[in-house]
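Q: One structure coming up, written as structure tokens, with questions to follow.
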Amino acid sequence: MIYLSIDEWWSGMTTTEHVFWILALFSSVVFFMVFIFSLFGFDADSDFDADFNADADVDSPDFPLFSVKSITAFLTFFSWTGVLLLREERSLWTIIPYSILSGLVAMALVIFLLKKFSDLAEEGNADLLDLIFEKGDVYLPIPSGKQGKGKVHVTLNRSLREMSAVTEGEAIPTGEKIRVVEILPDNVLLVEKTE
């Protein structure tokens, strides 16, 4: 009974409606799969980007225009807008501009969100080399001649960090100003007292 009603519904459509429905269903499935893969940590864009960018650097992390996510978003919103407008019995020539606009808005939103998530990831994975020559404050006294570790407060990517530190010179008491000279193994800072 359900099969007959779906068959009647499908056969009652025009070719244009068939195209929009097939594209809508296919792109929605792909969109859902990309979303699920992203939740589990798989990056659907990595292989596509590497192949696509072999000759041209169109898709950089700053502007991921031709990524699987952005193209899927465009096709999904393009096709569903077309399906909805076809139900209002509009002509194809009035549907296409609205569908393209809807797809471009979705694509721009995905690009914006990818850029924001990329920025967050970069801030979370700060490069300690950025601390070299930066100033900070001693929190726990630092023994002289690398005889032991103290603690310092330094600012990295606009956030205050407490890190282990050693010095080659004289001991540096709590509250003194320091400058980072080098990053040692195990993320220990080599610091010196500043005036």
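Convention: chains lettered A, B, ... in structure tokens order; per-chain residue numbering from 1; ligands numbered from 1 as shown.
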Please identify all polymer residues within 6 Å of Pro141 (chain A), counting only C-alpha atoms, omitting same-chain residues fewer than 4 positions from it, and present them as a list in words.

A: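 The residues that qualify are Gly150, Ile172, Pro173 and Thr174 of chain A.
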
Q: Would you pick out the contacts of Phe31 (chain A) at 9 Å or less, using only C-alpha atoms, so that residues sharing its chain but fewer than 5 positions from it are not included, and give the list as JSON, numbers by chain?

A: {"A": [26, 36, 69, 72, 73, 76]}

Q: So that I can see what lies close to Val152 (chain A), please list as a list in words the residues with an atom at most 9 Å from it, counting only C-alpha atoms and leaving out residues fewer than 4 positions away in the same chain.

A: Gly136, Asp137, Val138, Tyr139, Leu140, Pro141, Ile142, Arg161, Glu162, Met163, Ser164, Ala165, Thr174, Ile178 and Leu189 of chain A

Q: Compile the contact shell of Val191 (chain A) as a list in words: residues with an atom at most 8 Å away, counting only C-alpha atoms, same-chain residues fewer than 5 positions apart removed.

A: Ala165, Val166, Thr167, Glu168, Ile178, Arg179, Val180, Val181 and Glu182 of chain A

Q: Restrict the selected residues to C-alpha atoms and save them as an mmCIF file, in the first residue's frame.

A:
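Result file is result-v7.cif:
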data_model
loop_
_atom_site.group_PDB
_atom_site.id
_atom_site.type_symbol
_atom_site.label_atom_id
_atom_site.label_comp_id
_atom_site.auth_asym_id
_atom_site.auth_seq_id
_atom_site.Cartn_x
_atom_site.Cartn_y
_atom_site.Cartn_z
ATOM 1 C CA ALA A 165 61.515 27.178 34.406
ATOM 2 C CA VAL A 166 65.249 27.020 35.079
ATOM 3 C CA THR A 167 67.979 29.628 34.917
ATOM 4 C CA GLU A 168 71.729 29.472 34.268
ATOM 5 C CA ILE A 178 61.972 37.285 33.732
ATOM 6 C CA ARG A 179 62.521 36.882 29.994
ATOM 7 C CA VAL A 180 62.343 33.510 28.201
ATOM 8 C CA VAL A 181 65.640 32.657 26.476
ATOM 9 C CA GLU A 182 65.101 29.094 25.244
#

Q: For Leu25 (chain A), which residue out of A:Leu101, A:Val83, A:Val68, A:Met13 is the nearest one, using only C-alpha atoms?

A: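 Result for the nearest residue to Leu25 (chain A): A:Val83.
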
Q: Just list the residues in region 87-154 of chain A DSSP gives strand (DSSP E) on the backbone, as a list in words.

A: Lys135, Gly136, Asp137, Val138, Tyr139, Leu140, Gly150, Lys151, Val152, His153 and Val154 of chain A

Q: In Å to one decimal, how far is CA of Ser27 (chain A) from CA of Ser91 (chain A)?

A: 22.7 Å

Q: Quick one: everything within 7 Å of Ser102 (chain A), counting only C-alpha atoms, minus sequence neighbours fewer than 5 positions away in the same chain. Send it as a ChimeraX atom specification.

A: /A:77-78,81

Q: Fewer than 2 positions away in the same chain doesn't count, so skip those; otherwise give me all residues within 8 Å of Gly82 (chain A), counting only C-alpha atoms, as an MDAnalysis selection string.

A: chainID A and resid 20 78:80 84:86 95:96 98:99

Q: Figure out the distance between CA of Leu109 (chain A) and CA of Trp93 (chain A), please, to one decimal in Å.

A: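 Here the two named atoms are 25.2 Å from each other.
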
Q: Could you state the separation of CA of Gly169 (chain A) and CA of Ser144 (chain A) in Å, given to one decimal place?

A: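 According to the coordinates, CA of Gly169 (chain A) and CA of Ser144 (chain A) are separated by 5.6 Å.
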